[in-house]
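**Q** This is the content of coords_12.csv (CSV, C-alpha atoms):
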chain,number,residue,atom,x,y,z
A,40,MET,CA,23.9,-45.8,34.9
A,41,PHE,CA,20.3,-44.4,35.3
A,42,LEU,CA,21.6,-40.8,35.1
A,43,ILE,CA,23.6,-41.6,31.9
A,44,ASN,CA,20.5,-43.1,30.3
A,45,MET,CA,18.4,-40.1,31.3
A,46,VAL,CA,21.0,-37.7,29.8
A,47,ASP,CA,21.1,-39.8,26.6
A,48,LYS,CA,17.3,-39.8,26.5
A,49,ASN,CA,17.2,-36.0,26.8
A,50,ILE,CA,19.8,-35.5,24.1
A,51,PHE,CA,17.8,-37.9,21.9
A,52,LEU,CA,14.6,-35.9,22.5
A,53,VAL,CA,16.3,-32.6,21.8
A,54,ALA,CA,17.8,-34.0,18.6
A,55,PHE,CA,14.5,-35.5,17.5
A,56,SER,CA,12.6,-32.2,18.2
A,57,PHE,CA,15.2,-30.3,16.1
A,58,LEU,CA,14.9,-32.8,13.3
A,59,SER,CA,11.1,-32.6,13.3
A,60,LEU,CA,11.3,-28.8,13.2
A,61,GLN,CA,13.7,-29.0,10.2
A,62,ILE,CA,11.3,-31.4,8.4
A,63,GLN,CA,8.4,-29.0,9.1
A,64,ILE,CA,10.4,-26.1,7.7
A,65,LEU,CA,11.4,-28.1,4.6
A,66,ASN,CA,7.8,-29.2,4.0
A,67,CYS,CA,6.5,-25.7,4.4
A,68,PHE,CA,9.2,-24.5,1.9
A,69,MET,CA,8.2,-27.2,-0.6
A,70,GLU,CA,4.5,-26.4,-0.2
A,71,THR,CA,5.2,-22.7,-0.7
A,72,LYS,CA,7.3,-23.4,-3.8
A,73,GLU,CA,4.6,-25.6,-5.3
A,74,LEU,CA,1.9,-23.0,-4.5
A,75,LYS,CA,3.9,-20.3,-6.2
A,76,GLU,CA,4.4,-22.5,-9.3
A,77,ALA,CA,0.6,-23.3,-9.3
A,78,ILE,CA,-0.2,-19.6,-9.2
A,79,LEU,CA,2.1,-18.7,-12.1
A,80,LYS,CA,0.6,-21.6,-14.1
A,81,LEU,CA,-2.9,-20.4,-13.5
A,82,LYS,CA,-2.0,-16.8,-14.3
A,83,LYS,CA,-0.6,-17.9,-17.7
A,84,GLU,CA,-3.6,-20.2,-18.5
A,85,LYS,CA,-6.1,-17.4,-17.7
A,86,ASN,CA,-4.2,-14.5,-19.2
A,87,ALA,CA,-4.2,-12.7,-15.9
A,88,VAL,CA,-2.0,-10.0,-14.5
A,89,ILE,CA,-1.1,-9.6,-10.9
A,90,LEU,CA,-0.7,-6.1,-9.5
A,91,GLY,CA,0.8,-5.8,-6.1
A,92,HIS,CA,1.1,-2.9,-3.8
A,93,TYR,CA,4.4,-2.1,-1.9
A,94,TYR,CA,2.6,-2.9,1.4
A,95,GLN,CA,1.8,-6.5,0.4
A,96,ARG,CA,3.5,-9.5,2.0
A,97,ASP,CA,7.0,-10.2,0.5
A,98,GLU,CA,5.9,-13.4,-1.2
A,99,ILE,CA,3.0,-11.6,-2.9
A,100,GLN,CA,5.3,-8.8,-4.2
A,101,GLU,CA,7.7,-11.5,-5.5
A,102,LEU,CA,4.9,-13.0,-7.7
A,103,SER,CA,3.4,-9.7,-8.9
A,104,ASP,CA,3.9,-8.7,-12.5
A,105,PHE,CA,3.9,-5.0,-11.3
A,106,VAL,CA,4.7,-3.7,-7.9
A,107,GLY,CA,4.1,-0.1,-7.1
A,108,ASP,CA,2.3,2.7,-5.3
A,109,SER,CA,-1.2,3.8,-6.0
A,110,LEU,CA,-0.4,6.0,-9.0
A,111,ALA,CA,1.9,3.5,-10.7
A,112,LEU,CA,-0.7,0.7,-10.3
A,113,ALA,CA,-3.5,2.9,-11.5
A,114,GLN,CA,-1.4,3.4,-14.7
A,115,GLU,CA,-0.8,-0.3,-15.1
A,116,ALA,CA,-4.4,-1.0,-14.5
A,117,GLN,CA,-5.3,1.4,-17.3
A,118,ARG,CA,-3.0,0.0,-19.9
A,119,THR,CA,-3.2,-3.7,-19.2
A,120,GLU,CA,-4.4,-6.0,-22.0
A,121,CYS,CA,-5.0,-9.1,-19.9
A,122,ASP,CA,-8.4,-10.7,-19.5
A,123,ILE,CA,-8.2,-10.8,-15.7
A,124,ILE,CA,-6.7,-8.3,-13.3
A,125,VAL,CA,-5.8,-9.7,-9.8
A,126,PHE,CA,-5.2,-6.7,-7.5
A,127,CYS,CA,-3.2,-7.6,-4.5
A,128,GLY,CA,-3.9,-4.6,-2.3
A,129,VAL,CA,-7.1,-3.4,-0.6
A,130,HIS,CA,-10.6,-2.9,-1.8
A,131,PHE,CA,-10.4,0.7,-3.1
A,132,MET,CA,-7.4,-0.2,-5.3
A,133,ALA,CA,-9.3,-3.0,-6.9
A,134,GLU,CA,-12.3,-0.7,-7.4
A,135,THR,CA,-10.0,1.8,-9.1
A,136,ALA,CA,-8.7,-0.9,-11.5
A,137,LYS,CA,-12.3,-1.9,-12.3
A,138,VAL,CA,-13.3,1.7,-12.9
A,139,LEU,CA,-10.5,2.0,-15.4
A,140,ASN,CA,-11.1,-1.4,-16.9
A,141,PRO,CA,-14.9,-2.0,-16.9
A,142,GLN,CA,-14.8,-4.7,-19.5
A,143,ARG,CA,-12.2,-6.8,-17.7
A,144,LYS,CA,-12.7,-9.1,-14.7
A,145,VAL,CA,-11.0,-7.6,-11.6
A,146,LEU,CA,-10.4,-9.9,-8.6
A,147,LEU,CA,-9.3,-9.2,-5.1
A,148,PRO,CA,-7.9,-12.2,-3.1
A,149,ASP,CA,-9.7,-11.2,0.1
A,150,MET,CA,-12.8,-9.0,-0.2
A,151,GLU,CA,-12.5,-8.0,3.4
A,152,ALA,CA,-9.1,-6.3,2.8
A,153,ASN,CA,-10.2,-2.7,3.2
A,154,CYS,CA,-8.6,0.6,4.2
A,155,SER,CA,-9.1,2.7,7.4
A,156,LEU,CA,-9.2,5.9,5.3
A,157,ALA,CA,-11.9,4.5,3.0
A,158,ARG,CA,-13.9,3.2,6.0
A,159,CYS,CA,-13.8,6.6,7.8
A,160,CYS,CA,-15.4,8.4,4.9
A,161,PRO,CA,-18.9,7.0,4.2
A,162,ALA,CA,-20.6,8.4,1.1
A,163,ASP,CA,-23.8,9.6,2.7
A,164,ALA,CA,-21.9,11.6,5.4
A,165,PHE,CA,-19.5,13.0,2.9
A,166,ALA,CA,-22.3,14.1,0.6
A,167,GLU,CA,-23.8,16.1,3.5
A,168,PHE,CA,-20.3,17.6,4.3
A,169,LYS,CA,-19.8,18.5,0.7
A,170,ALA,CA,-23.2,20.3,0.5
A,171,GLN,CA,-22.0,22.7,3.2
A,172,TYR,CA,-19.4,24.1,0.8
A,173,PRO,CA,-21.2,24.5,-2.6
A,174,ASP,CA,-18.5,26.7,-4.1
A,175,HIS,CA,-15.6,24.3,-3.3
A,176,MET,CA,-14.2,21.7,-5.7
A,177,VAL,CA,-13.5,18.3,-4.2
A,178,ILE,CA,-10.1,16.7,-4.3
A,179,SER,CA,-10.1,13.2,-2.9
A,180,TYR,CA,-7.0,11.1,-2.1
A,181,VAL,CA,-7.1,7.8,-4.0
A,182,ASN,CA,-7.5,5.9,-0.7
A,183,CYS,CA,-11.3,6.2,-0.8
A,184,SER,CA,-14.3,4.2,-2.1
A,185,ALA,CA,-15.7,4.4,-5.6
A,186,GLU,CA,-18.7,6.3,-4.2
A,187,ILE,CA,-16.4,9.0,-2.8
A,188,LYS,CA,-14.6,9.2,-6.1
A,189,ALA,CA,-17.9,9.7,-7.8
A,190,LEU,CA,-18.5,12.7,-5.5
A,191,SER,CA,-15.1,14.2,-6.4
A,192,ASP,CA,-13.8,16.6,-9.0
A,193,LEU,CA,-10.2,15.3,-8.9
A,194,ILE,CA,-8.4,12.3,-7.5
A,195,CYS,CA,-4.8,12.5,-6.2
A,196,THR,CA,-2.2,10.3,-4.7
A,197,SER,CA,0.5,11.0,-2.1
A,198,GLY,CA,2.9,11.3,-5.0
A,199,ASN,CA,1.1,13.9,-7.1
A,200,ALA,CA,-1.1,15.8,-4.6
A,201,GLU,CA,1.1,18.8,-4.0
A,202,LYS,CA,1.7,19.4,-7.7
A,203,LEU,CA,-1.9,19.0,-8.7
A,204,VAL,CA,-3.0,21.4,-6.0
A,205,ASN,CA,-0.3,23.9,-7.0
A,206,SER,CA,-1.5,23.8,-10.6
A,207,LEU,CA,-5.0,25.1,-9.6
A,208,PRO,CA,-5.8,28.8,-9.4
A,209,LYS,CA,-4.8,30.3,-6.0
A,210,ASP,CA,-8.4,31.5,-5.4
A,211,GLN,CA,-9.9,28.0,-6.0
A,212,LYS,CA,-11.6,26.8,-2.9
A,213,ILE,CA,-11.0,23.1,-2.1
A,214,ILE,CA,-12.4,20.3,0.0
A,215,PHE,CA,-9.7,17.6,0.6
A,216,ALA,CA,-10.8,14.1,1.7
A,217,PRO,CA,-10.4,11.8,3.4
A,218,ASP,CA,-7.0,12.1,4.9
A,219,LYS,CA,-6.6,15.2,7.1
A,220,ASN,CA,-2.8,14.4,7.7
A,221,LEU,CA,-2.0,14.4,3.9
A,222,GLY,CA,-4.4,17.4,3.4
A,223,GLY,CA,-2.7,19.3,6.3
A,224,TYR,CA,0.7,18.6,4.8
A,225,ILE,CA,-0.4,19.9,1.4
A,226,ASN,CA,-1.8,23.0,3.0
A,227,ARG,CA,1.5,23.7,4.7
A,228,GLN,CA,3.5,23.0,1.5
A,229,THR,CA,1.3,25.1,-0.8
A,230,GLY,CA,0.0,27.8,1.5
A,231,ARG,CA,-3.6,26.8,0.8
A,232,ASN,CA,-6.4,26.6,3.3
A,233,MET,CA,-8.3,23.5,2.0
A,234,VAL,CA,-11.2,22.3,4.1
A,235,LEU,CA,-10.3,18.9,5.4
A,236,TRP,CA,-12.4,15.9,6.1
A,237,ASN,CA,-11.5,14.4,9.5
A,238,GLY,CA,-10.0,11.1,8.5
A,239,THR,CA,-6.7,9.4,9.0
A,240,CYS,CA,-4.8,6.2,8.2
A,241,THR,CA,-4.9,4.5,11.6
A,242,VAL,CA,-1.5,2.8,10.8
A,243,HIS,CA,0.4,5.9,9.9
A,244,ASP,CA,-1.4,8.1,12.5
A,245,ALA,CA,-0.3,5.8,15.3
A,246,LEU,CA,3.3,6.8,14.9
A,247,THR,CA,4.7,9.4,17.4
A,248,ALA,CA,7.4,11.9,17.2
A,249,GLU,CA,8.7,10.7,20.5
A,250,GLY,CA,9.2,7.2,19.2
A,251,ILE,CA,11.0,8.4,16.2
A,252,LEU,CA,13.3,10.7,18.1
A,253,LYS,CA,14.2,7.8,20.5
A,254,LEU,CA,15.2,5.7,17.4
A,255,LYS,CA,17.0,8.7,15.9
A,256,LEU,CA,19.0,9.2,19.1
A,257,ALA,CA,20.2,5.6,19.0
A,258,ASN,CA,20.9,5.9,15.3
A,259,PRO,CA,22.0,9.5,14.6
A,260,ASP,CA,23.5,8.6,11.2
A,261,ALA,CA,20.2,7.3,9.8
A,262,PRO,CA,17.9,10.0,8.2
A,263,VAL,CA,14.2,9.7,9.0
A,264,ILE,CA,12.0,9.2,5.9
A,265,ALA,CA,8.2,9.5,6.3
A,266,HIS,CA,5.0,9.1,4.4
A,267,PRO,CA,2.8,12.2,4.4
A,268,GLU,CA,-0.1,10.2,5.9
A,269,CYS,CA,1.8,10.5,9.2
A,270,ASN,CA,0.7,13.2,11.6
A,271,ALA,CA,2.3,16.7,11.6
A,272,ALA,CA,4.5,16.1,14.7
A,273,VAL,CA,6.1,13.0,13.0
A,274,LEU,CA,6.6,14.9,9.7
A,275,GLN,CA,8.2,17.8,11.6
A,276,VAL,CA,11.0,15.5,12.8
A,277,SER,CA,11.5,13.8,9.5
A,278,GLU,CA,14.3,14.7,7.0
A,279,PHE,CA,12.4,13.5,4.0
A,280,ILE,CA,8.7,13.3,3.3
A,281,GLY,CA,7.2,11.6,0.3
A,282,SER,CA,5.2,8.8,-1.2
A,283,THR,CA,6.4,5.2,-1.2
A,284,LYS,CA,7.9,5.7,-4.7
A,285,ALA,CA,9.5,9.0,-3.7
A,286,MET,CA,11.1,7.3,-0.6
A,287,LEU,CA,12.6,4.6,-2.9
A,288,ASN,CA,14.0,7.2,-5.2
A,289,TYR,CA,15.5,9.2,-2.2
A,290,ILE,CA,17.2,6.1,-0.8
A,291,LYS,CA,18.6,5.2,-4.2
A,292,LYS,CA,20.2,8.6,-4.6
A,293,SER,CA,21.3,9.1,-1.0
A,294,ASP,CA,24.8,8.6,0.2
A,295,SER,CA,23.4,7.4,3.6
A,296,LYS,CA,23.8,3.7,4.4
A,297,ARG,CA,21.1,3.5,7.0
A,298,PHE,CA,17.5,4.8,7.1
A,299,ILE,CA,14.7,5.1,9.7
A,300,VAL,CA,11.5,4.4,7.8
A,301,ALA,CA,8.2,5.8,9.0
A,302,THR,CA,5.6,4.0,6.9
A,303,GLU,CA,4.0,0.5,6.5
A,304,SER,CA,6.8,-2.1,6.8
A,305,GLY,CA,5.8,-3.9,3.6
A,306,ILE,CA,7.9,-1.3,1.7
A,307,LEU,CA,11.0,-2.7,3.3
A,308,TYR,CA,11.0,-5.7,0.9
A,309,GLU,CA,11.4,-3.4,-2.1
A,310,MET,CA,13.8,-1.2,-0.3
A,311,ARG,CA,16.1,-4.1,0.5
A,312,GLN,CA,15.7,-5.6,-3.0
A,313,ALA,CA,16.8,-2.3,-4.6
A,314,ASN,CA,19.4,-1.5,-2.0
A,315,PRO,CA,21.0,-4.7,-0.7
A,316,ASP,CA,24.0,-2.7,0.7
A,317,LYS,CA,21.8,-0.5,2.9
A,318,GLU,CA,20.1,-1.0,6.2
A,319,PHE,CA,16.5,0.0,7.1
A,320,LEU,CA,15.1,0.5,10.6
A,321,ALA,CA,11.3,0.3,10.7
A,322,VAL,CA,9.5,2.7,13.0
A,323,SER,CA,6.9,1.0,15.2
A,324,ALA,CA,3.8,2.3,17.0
A,325,GLN,CA,4.4,-0.1,19.8
A,326,GLU,CA,7.3,-0.6,22.3
A,327,GLY,CA,9.2,-3.8,21.6
A,328,CYS,CA,7.8,-4.3,18.1
A,329,SER,CA,10.1,-3.8,15.1
A,330,CYS,CA,7.5,-3.3,12.4
A,331,LEU,CA,4.4,-1.2,11.4
A,332,GLU,CA,1.9,-3.4,9.6
A,333,CYS,CA,-1.5,-2.7,8.0
A,334,ALA,CA,-3.6,-5.7,8.9
A,335,ASP,CA,-5.8,-5.1,5.8
A,336,MET,CA,-2.9,-5.1,3.5
A,337,LYS,CA,-1.6,-8.4,5.0
A,338,MET,CA,-5.0,-10.2,4.6
A,339,ASN,CA,-4.0,-11.3,1.0
A,340,THR,CA,-2.0,-14.6,1.1
A,341,LEU,CA,-0.6,-17.0,-1.4
A,342,GLU,CA,-3.4,-19.4,-0.7
A,343,LYS,CA,-6.1,-16.7,-1.2
A,344,LEU,CA,-4.3,-15.6,-4.4
A,345,TYR,CA,-4.3,-19.2,-5.7
A,346,ASN,CA,-8.0,-19.7,-4.9
A,347,CYS,CA,-8.9,-16.3,-6.4
A,348,LEU,CA,-7.3,-17.2,-9.7
A,349,LEU,CA,-8.6,-20.8,-9.7
A,350,ASN,CA,-12.3,-19.8,-9.0
A,351,GLU,CA,-12.1,-16.3,-10.5
A,352,ASN,CA,-13.6,-14.7,-7.4
A,353,PRO,CA,-14.0,-12.6,-5.3
A,354,GLU,CA,-14.8,-10.3,-8.1
A,355,ILE,CA,-15.3,-6.5,-8.0
A,356,ILE,CA,-18.7,-5.6,-9.3
A,357,LEU,CA,-19.7,-2.0,-9.8
A,358,SER,CA,-22.7,-0.5,-11.6
A,359,ASP,CA,-22.2,1.2,-15.0
A,360,ASP,CA,-23.4,4.5,-13.5
A,361,LEU,CA,-20.9,4.4,-10.6
A,362,ILE,CA,-18.1,3.4,-12.9
A,363,GLU,CA,-18.7,6.4,-15.2
A,364,LYS,CA,-19.0,8.9,-12.4
A,365,ALA,CA,-15.9,7.6,-10.5
A,366,LYS,CA,-13.8,7.4,-13.7
A,367,GLN,CA,-14.0,11.1,-14.6
A,368,PRO,CA,-11.9,12.5,-11.6
A,369,ILE,CA,-9.4,9.6,-12.0
A,370,ILE,CA,-8.9,10.3,-15.7
A,371,ARG,CA,-8.6,14.0,-14.9
A,372,MET,CA,-5.8,13.1,-12.4
A,373,LEU,CA,-4.0,11.0,-15.0
A,374,ASP,CA,-4.3,13.7,-17.7
A,375,MET,CA,-3.2,16.5,-15.4
A,376,SER,CA,-0.3,14.3,-14.2
A,377,LYS,CA,0.9,13.8,-17.8
A,378,GLN,CA,0.6,17.6,-18.5
A,379,LEU,CA,2.6,18.4,-15.4
A,380,GLY,CA,5.3,15.8,-16.3
A,381,ILE,CA,4.6,13.7,-13.2
A,382,ILE,CA,4.0,10.6,-15.4
A,383,LYS,CA,4.5,9.8,-19.0
Starting from the file, give its structure as structure tokens.

**A**
Amino acid sequence: MFLINMVDKNIFLVAFSFLSLQIQILNCFMETKELKEAILKLKKEKNAVILGHYYQRDEIQELSDFVGDSLALAQEAQRTECDIIVFCGVHFMAETAKVLNPQRKVLLPDMEANCSLARCCPADAFAEFKAQYPDHMVISYVNCSAEIKALSDLICTSGNAEKLVNSLPKDQKIIFAPDKNLGGYINRQTGRNMVLWNGTCTVHDALTAEGILKLKLANPDAPVIAHPECNAAVLQVSEFIGSTKAMLNYIKKSDSKRFIVATESGILYEMRQANPDKEFLAVSAQEGCSCLECADMKMNTLEKLYNCLLNENPEIILSDDLIEKAKQPIIRMLDMSKQLGIIK
């Protein structure tokens, strides 16, 4: 009798624990649903627009008015007519939105959300580096601070860098900052010899060709698609190299049903949304992990987005002088991109 009671008690405890877990999941779902509704309500009341990068959390992308890569979001930031721009990305992206919209309030849900490329290129050190090459023009990848943009002649993204560089005279000497991996890729593609600042995206640079080849051996039918911020060894074993937007276009047009994806795993949300019939295998920098995440990109949460809209802070504040200097190379990029047919 005692044994039966003990068994009954254990069954009861397991059932109770399972029920408690189900209740917690349901409560969490209801809280998330209410939070999303509150964010949308605030957005409407404050005439705000939410811009979300492909590397943001799934739930952030779901609520964003526009989701895209750096170039697409730069365009949306330029033509928005809302009073408030909430940029769900990292600091340099929100700065870019402010530079293009100095009269509008630009908010970033978490001011600590930065970028390893922006961090690795401090303005004072880069100014000294630039002074060593007085006859060079400076092309800076958009993943840099407003101060670096102000020291540049032209801004580029991973999606337009190659075409912009190719459009310049062959004898034009160039400094490329801050990503040496993207710069090296552009050098190889264009035959240039740009001087490269020694910076990398720590997330993309952590990937290894060995790790990708191991995944490829297990999945020979899946083409490897990689972002040009990856190191040269990774790019060498990739079948397609391109920006996040270019990868999405490649997948859409490809007959393949499975893909090995060598970039930040946030892009998988959009890939799955646009291609529900296809499978995506995320490359990881660590054994046993099935994703590659940028900790900075994931700092923005629904709670922070709500508080950001409610209190209208943290706000991006830049001086008029910095805005004017940083704006010129960005506008030049947009103008050249239109002339080259990259954007409309």

**Q** How would you write as a PyMOL selection string the residues that get within 9 Å of (-12.6, 22.7, 0.1) in the file's frame, counting only C-alpha atoms?

**A** chain A and resi 169+172+174-178+211-216+232-235

**Q** Choose the residue, out of A:Trp236, A:Arg231, A:Ala113, A:Cys347, that has the smallest atom-to-atom separation from A:Phe165; count all atoms listed in the file.

**A**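 That would be A:Trp236, the residue with the smallest distance to A:Phe165.
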
**Q** Please compute the atom CA of A:Thr239-atom CA of A:Gln100 distance, one decimal, in Å.

**A**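 Going from atom CA of A:Thr239 over to atom CA of A:Gln100, I get 25.5 Å.
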
**Q** Between A:Asn288, A:Thr241, A:Ser376, A:Asn339, which one has atoms that come closest to A:Asn314, using only C-alpha atoms?

**A** A:Asn288

**Q** If I take atom CA of A:Gly128 and atom CA of A:Gly380, how far is one from the other in Å, to one decimal?

**A**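 Computing it gives 26.4 Å between the two atoms.
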
**Q** Nearest to A:Thr135: which of A:Ala301, A:Leu349, A:Ile362, A:Leu379 is it, counting all atoms listed in the file?

**A**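 Among the listed residues, the smallest separation from A:Thr135 belongs to A:Ile362.
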
**Q** Please compute the atom CA of A:Asp108-atom CA of A:Tyr308 distance, one decimal, in Å.

**A**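 Interatomic distance here is 13.6 Å.
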
**Q** Can you pull out the residues contacting stretch 251-265 of chain A? Cut-off 7 Å, using all atoms listed in the file, and skip same-chain residues under 6 positions away; I want them as a list in words.

**A**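 Those residues are Leu274, Ser277, Glu278, Phe279, Ile280, Gly281, Met286, Ser295, Arg297, Phe298, Ile299, Val300, Ala301, Thr302 and Val322 of chain A.
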
**Q** What lies within 8 Å of A:Gln117 using only C-alpha atoms, ignoring chain neighbours under 5 positions off, as a VMD selection string?

**A** chain A and resid 136 139 to 140

**Q** Using only C-alpha atoms, which of the listed residues (A:Glu309, A:Glu351, A:Glu342, A:Asp122) sits closest to A:Lys284?

**A**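 Smallest distance to A:Lys284 is found for A:Glu309.
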
**Q** Calculated over only C-alpha atoms, which of the candidates A:Arg158, A:Glu84, A:Pro217, A:Val204 has the smallest distance to A:Ser179?

**A**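 Checking each candidate against A:Ser179, we get A:Pro217 as the closest.
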
**Q** Choose the residue, out of A:Lys72, A:Phe126, A:Ala272, A:Thr119, that has the smallest atom-to-atom separation from A:Leu90; count only C-alpha atoms.

**A**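 Checking each candidate against A:Leu90, we get A:Phe126 as the closest.
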
**Q** Neighbours of A:Arg96 within 12 Å (all atoms listed in the file; same-chain residues fewer than 5 positions away dropped), as an mmCIF file with C-alpha atoms, in the frame of the given file?

**A**
data_model
loop_
_atom_site.group_PDB
_atom_site.id
_atom_site.type_symbol
_atom_site.label_atom_id
_atom_site.label_comp_id
_atom_site.auth_asym_id
_atom_site.auth_seq_id
_atom_site.Cartn_x
_atom_site.Cartn_y
_atom_site.Cartn_z
ATOM 1 C CA GLY A 91 0.800 -5.800 -6.100
ATOM 2 C CA GLU A 101 7.700 -11.500 -5.500
ATOM 3 C CA LEU A 102 4.900 -13.000 -7.700
ATOM 4 C CA SER A 103 3.400 -9.700 -8.900
ATOM 5 C CA VAL A 106 4.700 -3.700 -7.900
ATOM 6 C CA CYS A 127 -3.200 -7.600 -4.500
ATOM 7 C CA GLY A 128 -3.900 -4.600 -2.300
ATOM 8 C CA GLU A 303 4.000 0.500 6.500
ATOM 9 C CA SER A 304 6.800 -2.100 6.800
ATOM 10 C CA GLY A 305 5.800 -3.900 3.600
ATOM 11 C CA ILE A 306 7.900 -1.300 1.700
ATOM 12 C CA LEU A 307 11.000 -2.700 3.300
ATOM 13 C CA TYR A 308 11.000 -5.700 0.900
ATOM 14 C CA GLU A 309 11.400 -3.400 -2.100
ATOM 15 C CA GLU A 332 1.900 -3.400 9.600
ATOM 16 C CA CYS A 333 -1.500 -2.700 8.000
ATOM 17 C CA ALA A 334 -3.600 -5.700 8.900
ATOM 18 C CA ASP A 335 -5.800 -5.100 5.800
ATOM 19 C CA MET A 336 -2.900 -5.100 3.500
ATOM 20 C CA LYS A 337 -1.600 -8.400 5.000
ATOM 21 C CA MET A 338 -5.000 -10.200 4.600
ATOM 22 C CA ASN A 339 -4.000 -11.300 1.000
ATOM 23 C CA THR A 340 -2.000 -14.600 1.100
ATOM 24 C CA LEU A 341 -0.600 -17.000 -1.400
ATOM 25 C CA LEU A 344 -4.300 -15.600 -4.400
#

**Q** Can you tell me, as a PyMOL selection string, what residues are no more than 8 Å from A:Val88 when counting all atoms listed in the file, ignoring any on the same chain fewer than 2 positions away?

**A** chain A and resi 82+86+90+103-104+119+121+123-125

**Q** Writing N, CA and C atoms and nothing else, produce stretch 146-164 of chain A as a short mmCIF file (atom, residue, chain, number, x, y, z; two decimals), in the first residue's frame.

**A**
data_model
loop_
_atom_site.label_atom_id
_atom_site.label_comp_id
_atom_site.auth_asym_id
_atom_site.auth_seq_id
_atom_site.Cartn_x
_atom_site.Cartn_y
_atom_site.Cartn_z
N LEU A 146 15.56 57.25 -31.55
CA LEU A 146 15.72 56.48 -30.32
C LEU A 146 16.37 55.14 -30.59
N LEU A 147 17.11 54.65 -29.61
CA LEU A 147 17.73 53.32 -29.65
C LEU A 147 17.32 52.61 -28.37
N PRO A 148 16.60 51.48 -28.44
CA PRO A 148 16.11 50.83 -27.22
C PRO A 148 17.17 50.59 -26.15
N ASP A 149 18.38 50.24 -26.56
CA ASP A 149 19.47 50.04 -25.60
C ASP A 149 20.71 50.77 -26.11
N MET A 150 21.09 51.81 -25.41
CA MET A 150 22.22 52.63 -25.85
C MET A 150 23.54 51.88 -25.79
N GLU A 151 23.57 50.77 -25.06
CA GLU A 151 24.79 49.97 -24.96
C GLU A 151 24.95 49.02 -26.15
N ALA A 152 23.94 48.92 -27.00
CA ALA A 152 24.02 48.05 -28.17
C ALA A 152 24.98 48.67 -29.18
N ASN A 153 26.18 48.15 -29.22
CA ASN A 153 27.24 48.74 -30.04
C ASN A 153 27.61 47.77 -31.17
N CYS A 154 28.81 47.89 -31.69
CA CYS A 154 29.26 47.05 -32.79
C CYS A 154 30.77 46.88 -32.65
N SER A 155 31.24 45.65 -32.80
CA SER A 155 32.68 45.40 -32.64
C SER A 155 33.49 46.15 -33.69
N LEU A 156 32.96 46.31 -34.89
CA LEU A 156 33.67 47.06 -35.92
C LEU A 156 33.77 48.53 -35.55
N ALA A 157 32.69 49.10 -35.05
CA ALA A 157 32.72 50.50 -34.65
C ALA A 157 33.67 50.71 -33.46
N ARG A 158 33.66 49.75 -32.54
CA ARG A 158 34.52 49.87 -31.35
C ARG A 158 35.99 49.80 -31.71
N CYS A 159 36.33 49.00 -32.73
CA CYS A 159 37.75 48.77 -33.02
C CYS A 159 38.38 49.91 -33.83
N CYS A 160 37.61 50.96 -34.11
CA CYS A 160 38.14 52.05 -34.92
C CYS A 160 37.87 53.40 -34.25
N PRO A 161 38.62 53.72 -33.19
CA PRO A 161 38.43 55.01 -32.51
C PRO A 161 38.86 56.18 -33.41
N ALA A 162 38.14 57.27 -33.31
CA ALA A 162 38.36 58.41 -34.23
C ALA A 162 39.76 58.99 -34.15
N ASP A 163 40.32 59.13 -32.95
CA ASP A 163 41.64 59.75 -32.82
C ASP A 163 42.72 58.88 -33.48
N ALA A 164 42.65 57.57 -33.25
CA ALA A 164 43.63 56.65 -33.85
C ALA A 164 43.47 56.61 -35.37
#
